[in-house]
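Student: Right, I'll just put the structure down here and ask away after.
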Amino acid sequence: EGGGMLRYTYWSIPGDTKNAAWTLETHAYARAALHISRVAIHAGASAGLDTNLVHIADLAMSKTATGFGMNLESGIEVAATPALALGVGFDYHPATDTIIDGAPQSIEYYSLTAGATMRL
């Protein structure tokens with residue numbers, strides 16, 4: 001399967017309540033799956049534009065940057081009904097984008113996902 005993905009992630013450093021940041025990913029994605037009865041094991045990738053905003057309260061400063069972003073994913077879904085599947089997955093966002101223009105740092109993270117997929 002393939003399509004478009006729009007994901008907004010709000011994040012901060014643990015214990016730091018004054019400063020915050022978010023990442024907006026606008027990507028195209030592709031996913032391949034192996035279906036065995038009601039189970040689907042999948043792997044995929046996405047690539048596109050990442051927009052990052054960082055707010056530093058002590059400096060009263062907010063900065064944005066855009067850059068190339070990508071994700072690698074895998075997971076498993078089980079069809080509960082013909083129209084509804086429950087699943088868990090893993091997502092890796094490698095450090096390909098820039099957190100602030102002119103700075104060498106980028107965002108890298110791992111995430112676990114859980115949820116439901118509705119099939120139309």
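Chain labels run A, B, ... following the order of the structure tokens; each chain numbers its residues from 1, and ligands are numbered from 1 in the order shown.
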Using only C-alpha atoms, determine which residues lie at most 9 Å from Val78 in chain A, disregarding the query and same-chain residues fewer than 6 positions distant; provide the list as a short mmCIF file (atom, residue, chain, number, x, y, z; two decimals) with N, CA and C atoms, in the first residue's frame.
Tutor:
data_model
loop_
_atom_site.label_atom_id
_atom_site.label_comp_id
_atom_site.auth_asym_id
_atom_site.auth_seq_id
_atom_site.Cartn_x
_atom_site.Cartn_y
_atom_site.Cartn_z
N ARG A 38 -5.88 -14.00 9.32
CA ARG A 38 -6.33 -12.68 9.80
C ARG A 38 -5.19 -11.82 10.30
N VAL A 39 -3.96 -12.26 10.13
CA VAL A 39 -2.78 -11.55 10.62
C VAL A 39 -2.02 -10.93 9.44
N ALA A 40 -1.60 -9.68 9.61
CA ALA A 40 -0.78 -9.00 8.60
C ALA A 40 0.49 -8.48 9.26
N ILE A 41 1.64 -8.92 8.77
CA ILE A 41 2.94 -8.44 9.23
C ILE A 41 3.43 -7.47 8.18
N LEU A 84 -12.27 -4.03 10.77
CA LEU A 84 -11.48 -3.45 11.85
C LEU A 84 -10.30 -4.36 12.22
N ALA A 85 -9.10 -3.76 12.26
CA ALA A 85 -7.90 -4.51 12.65
C ALA A 85 -7.24 -3.80 13.83
N LEU A 86 -6.72 -4.57 14.76
CA LEU A 86 -5.97 -4.04 15.90
C LEU A 86 -4.50 -4.34 15.69
N GLY A 87 -3.65 -3.38 16.01
CA GLY A 87 -2.24 -3.60 15.72
C GLY A 87 -1.29 -2.91 16.66
#
Student: Just want the 12 Å neighbourhood of Asp58 in chain A, counted on only C-alpha atoms, with same-chain residues fewer than 6 positions away dropped. Output as number ranges by chain.
Tutor: A: 16-20
Student: Please write the residues from the selection above to a file, keeping N, CA, C and O atoms, as a short mmCIF file (atom, residue, chain, number, x, y, z; two decimals), in the first residue's frame.
Tutor:
data_model
loop_
_atom_site.label_atom_id
_atom_site.label_comp_id
_atom_site.auth_asym_id
_atom_site.auth_seq_id
_atom_site.Cartn_x
_atom_site.Cartn_y
_atom_site.Cartn_z
N ASP A 16 11.57 19.18 31.95
CA ASP A 16 11.69 20.57 31.51
C ASP A 16 10.30 21.05 31.09
O ASP A 16 9.83 20.73 30.00
N THR A 17 9.65 21.84 31.94
CA THR A 17 8.28 22.26 31.65
C THR A 17 8.19 23.61 30.94
O THR A 17 7.12 23.97 30.47
N LYS A 18 9.29 24.34 30.85
CA LYS A 18 9.25 25.67 30.23
C LYS A 18 9.52 25.63 28.73
O LYS A 18 8.98 26.44 27.99
N ASN A 19 10.37 24.73 28.30
CA ASN A 19 10.74 24.67 26.89
C ASN A 19 10.00 23.53 26.21
O ASN A 19 9.68 22.53 26.83
N ALA A 20 9.72 23.70 24.93
CA ALA A 20 8.98 22.67 24.21
C ALA A 20 9.34 22.72 22.73
O ALA A 20 9.98 23.65 22.26
#
Student: Show which residues sit within 10 Å of Met5 in chain A, as a PyMOL selection string. Count only C-alpha atoms, and ignore same-chain residues fewer than 3 positions away.
Tutor: chain A and resi 2+25-29+46-48
Student: Next, the residues of the selection above should be written as a PDB file, in the first residue's frame with C-alpha atoms.
Tutor:
ATOM      1  CA  GLY A   2       1.064   3.592  -0.309  1.00  0.00           C
ATOM      2  CA  GLU A  25       5.987  15.377   9.127  1.00  0.00           C
ATOM      3  CA  THR A  26       4.418  15.547   5.651  1.00  0.00           C
ATOM      4  CA  HIS A  27       5.541  12.375   3.896  1.00  0.00           C
ATOM      5  CA  ALA A  28       4.698   9.925   1.164  1.00  0.00           C
ATOM      6  CA  TYR A  29       4.844   6.335   2.382  1.00  0.00           C
ATOM      7  CA  SER A  46       8.175   7.185   4.431  1.00  0.00           C
ATOM      8  CA  ALA A  47      10.040  10.229   3.149  1.00  0.00           C
ATOM      9  CA  GLY A  48       9.200  13.892   2.814  1.00  0.00           C
TER      10      GLY A  48
END
Student: Any idea what the distance is between CA of Gly69 in chain A and CA of Asp50 in chain A?
Tutor: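 About the pair CA of Gly69 in chain A and CA of Asp50 in chain A: they are 5.2 Å apart.
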Student: Return as a count of residues only the full set of residues in chain A whose backbone-based DSSP assignment is strand (DSSP E or B).
Tutor: 86
Student: Please provide as a list of chain:residue names all residues within 7 Å of Leu112 in chain A, with the sequence filter that same-chain residues fewer than 2 positions apart are discarded (counting only C-alpha atoms).
Tutor: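 Contacts, in chain order: A:Gly89, A:Phe90, A:Asp91, A:Ala114.
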Student: Include all heavy atoms and write out the residues we just selected as a short mmCIF file (atom, residue, chain, number, x, y, z; two decimals), in the first residue's frame.
Tutor:
data_model
loop_
_atom_site.label_atom_id
_atom_site.label_comp_id
_atom_site.auth_asym_id
_atom_site.auth_seq_id
_atom_site.Cartn_x
_atom_site.Cartn_y
_atom_site.Cartn_z
N GLY A 89 3.06 -1.58 16.51
CA GLY A 89 4.14 -1.36 15.56
C GLY A 89 5.31 -0.63 16.19
O GLY A 89 5.27 -0.20 17.35
N PHE A 90 6.35 -0.50 15.40
CA PHE A 90 7.59 0.15 15.79
C PHE A 90 7.94 1.14 14.69
O PHE A 90 7.79 0.86 13.51
CB PHE A 90 8.70 -0.90 15.93
CG PHE A 90 10.05 -0.32 16.20
CD1 PHE A 90 10.39 0.11 17.47
CD2 PHE A 90 10.98 -0.21 15.18
CE1 PHE A 90 11.64 0.66 17.72
CE2 PHE A 90 12.23 0.33 15.42
CZ PHE A 90 12.57 0.76 16.70
N ASP A 91 8.40 2.33 15.09
CA ASP A 91 8.74 3.37 14.13
C ASP A 91 10.10 3.96 14.50
O ASP A 91 10.36 4.22 15.67
CB ASP A 91 7.66 4.47 14.19
CG ASP A 91 7.81 5.49 13.09
OD1 ASP A 91 7.26 5.24 12.01
OD2 ASP A 91 8.48 6.51 13.31
N ALA A 114 0.31 1.70 18.89
CA ALA A 114 -0.76 0.74 19.12
C ALA A 114 -2.06 1.43 18.71
O ALA A 114 -2.24 2.62 18.95
CB ALA A 114 -0.82 0.32 20.59
#
Student: Report as a PyMOL selection string all protein, DNA and RNA residues lying within 7 Å of Tyr92 in chain A, evaluated on only C-alpha atoms, omitting residues in the same chain fewer than 2 positions from it.
Tutor: chain A and resi 71-73+90+94+109-111
Student: Excluding Ala32 in chain A and residues on its chain fewer than 3 positions from it, collect all residues at most 7 Å away from it, counting only C-alpha atoms, and give them as a tab-separated table (two decimals) with all heavy atoms, in the first residue's frame.
Tutor:
chain	number	residue	atom	x	y	z
A	1	GLU	N	0.84	-1.17	0.00
A	1	GLU	CA	0.00	0.00	0.00
A	1	GLU	C	0.88	1.22	0.00
A	1	GLU	O	2.07	1.16	0.30
A	1	GLU	CB	-0.95	-0.01	1.20
A	1	GLU	CG	-0.34	0.44	2.50
A	1	GLU	CD	-1.29	0.36	3.68
A	1	GLU	OE1	-1.82	-0.71	3.93
A	1	GLU	OE2	-1.49	1.40	4.32
A	42	HIS	N	3.79	-6.25	8.60
A	42	HIS	CA	4.15	-5.25	7.59
A	42	HIS	C	5.46	-4.54	7.91
A	42	HIS	O	5.92	-4.51	9.05
A	42	HIS	CB	3.02	-4.22	7.43
A	42	HIS	CG	2.73	-3.43	8.66
A	42	HIS	ND1	3.46	-2.34	9.03
A	42	HIS	CD2	1.80	-3.60	9.62
A	42	HIS	CE1	2.98	-1.85	10.15
A	42	HIS	NE2	1.97	-2.59	10.53
A	43	ALA	N	6.06	-3.97	6.87
A	43	ALA	CA	7.25	-3.13	6.97
A	43	ALA	C	7.10	-2.03	5.94
A	43	ALA	O	6.45	-2.21	4.89
A	43	ALA	CB	8.51	-3.94	6.70
A	44	GLY	N	7.65	-0.87	6.24
A	44	GLY	CA	7.50	0.23	5.30
A	44	GLY	C	8.46	1.36	5.58
A	44	GLY	O	9.26	1.32	6.51
Student: Name all residues at most 9 Å from Lys63 in chain A (count only C-alpha atoms; drop same-chain ones fewer than 5 positions away) and give them as a VMD selection string.
Tutor: chain A and resid 52 to 56 99 to 101
